[in-house]
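**Q** Before anything else, here's the structure in question.
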Amino acid sequence: MNPDLTLQTFEIASVVWRESFEALLVVGILLTWSVRAVPAARARATRWIFAGAGAGLVLALTLALVMSKAADVLEGDGEDILQMVIAALAAALMLRMVFWMRAMERGQTGDLAIQAVRHVEAGNWLGLSVLAALAVAREGAETVVFLYGLMASSQGWQAGFVLAAGLFGFVLAAISFWAFRTGSKLISRGVLARVSEALLLILGSGLTMLVVDKAISLGLVSPMTGPLWDSSRLLDDGSGFGAFLAGLVGYRARPELFPLLSLGFYWLIASLAYAPPLTGKAPA
């Protein structure tokens, strides 16, 4: 199979799977806690939550349309700068999500369920709907930003192919959500978290190198040195598996100093998410 096609399928499906699963999980939490708060209002709460989720999806699609139109208007360096900015934003968001997920695992939970209960008990159905809309819109907006950043690294994307790969990712998300909700031993929250974090960090690494490459090509920064070594005889980044790794994690067979420092800085920041929390207190 074409390495580029394999990489594109993996990237799109991974992003859609991750974000769709999170959106399904949010909607599931809202539905569960709304029914627990007022069991008799199950049908009404469900309608308002799904209406909000639909509105959130529309907001995300609107963002995708705006970004697409902006890309069509820009030409030359303007389009490259937009792609670089979006890719940088996507990489930063991926890092932020990993930090957020690690915080959740340490028990620093959010108040989504509490807010849902309060809205239902107060009869504030519009507030419940807005809560669902904002949650789904956030996941949808992140999906749009991630996909746009990934598409900036490749040429020849086709709408039909993106749709098919995205649908595959959504099906995986639906299966993962079903297994999680039914208590399947095959898929636990811990396993999903580890896989999700790994995918986010890997995709963020590739996006970081994309940003660096575009910044160098636009003359915004200097590579600082020529190629420090040449490992193309062992693994060429222009074809085969080397090209797959180049797009996925930012592998370079002939790296310069600045790209290496940038990639090292990215992984240094990522490692902080796994550092033990500081429990000691500063002296008085």
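Residues in the structure tokens are named by chain (A, B, ... in the order shown) and by number from 1 within that chain; ligands are numbered from 1 in the order shown.
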Please provide as a PyMOL selection string all residues within 10 Å of stretch 137-149 of chain A, with the sequence filter that same-chain residues fewer than 2 positions apart are discarded (counting only C-alpha atoms).

**A** chain A and resi 11-13+15-24+26+52-65+67-68+82-91+93-94+131-135+151-154+162+166+203-204+207+210-211

**Q** Rounded to one decimal in Å, what is the spacing between atom CA of A:Phe265 and atom CA of A:Gly226?

**A** 19.6 Å

**Q** I'd like to know which of A:Ser262, A:Ser271, A:Ser129, A:Ser232 is closest to A:Ala198, using only C-alpha atoms.

**A**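 The shortest atom-to-atom distance to A:Ala198 comes from A:Ser271.
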
**Q** Among the residues of stretch 37-258 of chain A, find those DSSP assigns to helix (DSSP H, G or I) from the backbone and print them as a PyMOL selection string.

**A** chain A and resi 37+39-73+77-105+112-121+125-151+159-181+189-217+240-249+257-258

**Q** Would you mind listing what lies within 10 Å of A:Tyr266 as a PDB file with N, CA and C atoms, in the first residue's frame, with only C-alpha atoms counted and same-chain residues fewer than 6 positions away left out?

**A**
ATOM      1  N   ALA A  91      -0.629  21.219  17.266  1.00  0.00           N
ATOM      2  CA  ALA A  91       0.386  20.550  18.091  1.00  0.00           C
ATOM      3  C   ALA A  91       0.263  20.980  19.549  1.00  0.00           C
ATOM      4  N   ALA A  92       0.032  22.285  19.777  1.00  0.00           N
ATOM      5  CA  ALA A  92      -0.118  22.790  21.141  1.00  0.00           C
ATOM      6  C   ALA A  92      -1.366  22.209  21.805  1.00  0.00           C
ATOM      7  N   LEU A  95      -0.743  18.636  22.925  1.00  0.00           N
ATOM      8  CA  LEU A  95      -0.002  18.609  24.186  1.00  0.00           C
ATOM      9  C   LEU A  95      -0.924  18.958  25.364  1.00  0.00           C
ATOM     10  N   LEU A 201       0.569  12.416  21.165  1.00  0.00           N
ATOM     11  CA  LEU A 201       1.969  12.822  21.223  1.00  0.00           C
ATOM     12  C   LEU A 201       2.684  12.551  19.900  1.00  0.00           C
ATOM     13  N   GLY A 204       1.395  15.046  17.325  1.00  0.00           N
ATOM     14  CA  GLY A 204       1.931  16.366  17.666  1.00  0.00           C
ATOM     15  C   GLY A 204       3.387  16.511  17.281  1.00  0.00           C
ATOM     16  N   SER A 205       4.140  15.429  17.391  1.00  0.00           N
ATOM     17  CA  SER A 205       5.552  15.454  17.003  1.00  0.00           C
ATOM     18  C   SER A 205       5.692  15.705  15.505  1.00  0.00           C
ATOM     19  N   THR A 208       4.872  19.286  14.756  1.00  0.00           N
ATOM     20  CA  THR A 208       5.951  20.190  15.170  1.00  0.00           C
ATOM     21  C   THR A 208       7.010  20.304  14.086  1.00  0.00           C
ATOM     22  N   MET A 209       7.379  19.177  13.498  1.00  0.00           N
ATOM     23  CA  MET A 209       8.374  19.211  12.425  1.00  0.00           C
ATOM     24  C   MET A 209       7.822  19.890  11.176  1.00  0.00           C
ATOM     25  N   LEU A 260      16.228  19.590  15.089  1.00  0.00           N
ATOM     26  CA  LEU A 260      16.493  18.645  16.183  1.00  0.00           C
ATOM     27  C   LEU A 260      16.194  19.275  17.538  1.00  0.00           C
TER      28      LEU A 260
END

**Q** Atom CA of A:Val35 to atom CA of A:Thr182: how many Å, to one decimal?

**A**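 The value is 17.7 Å.
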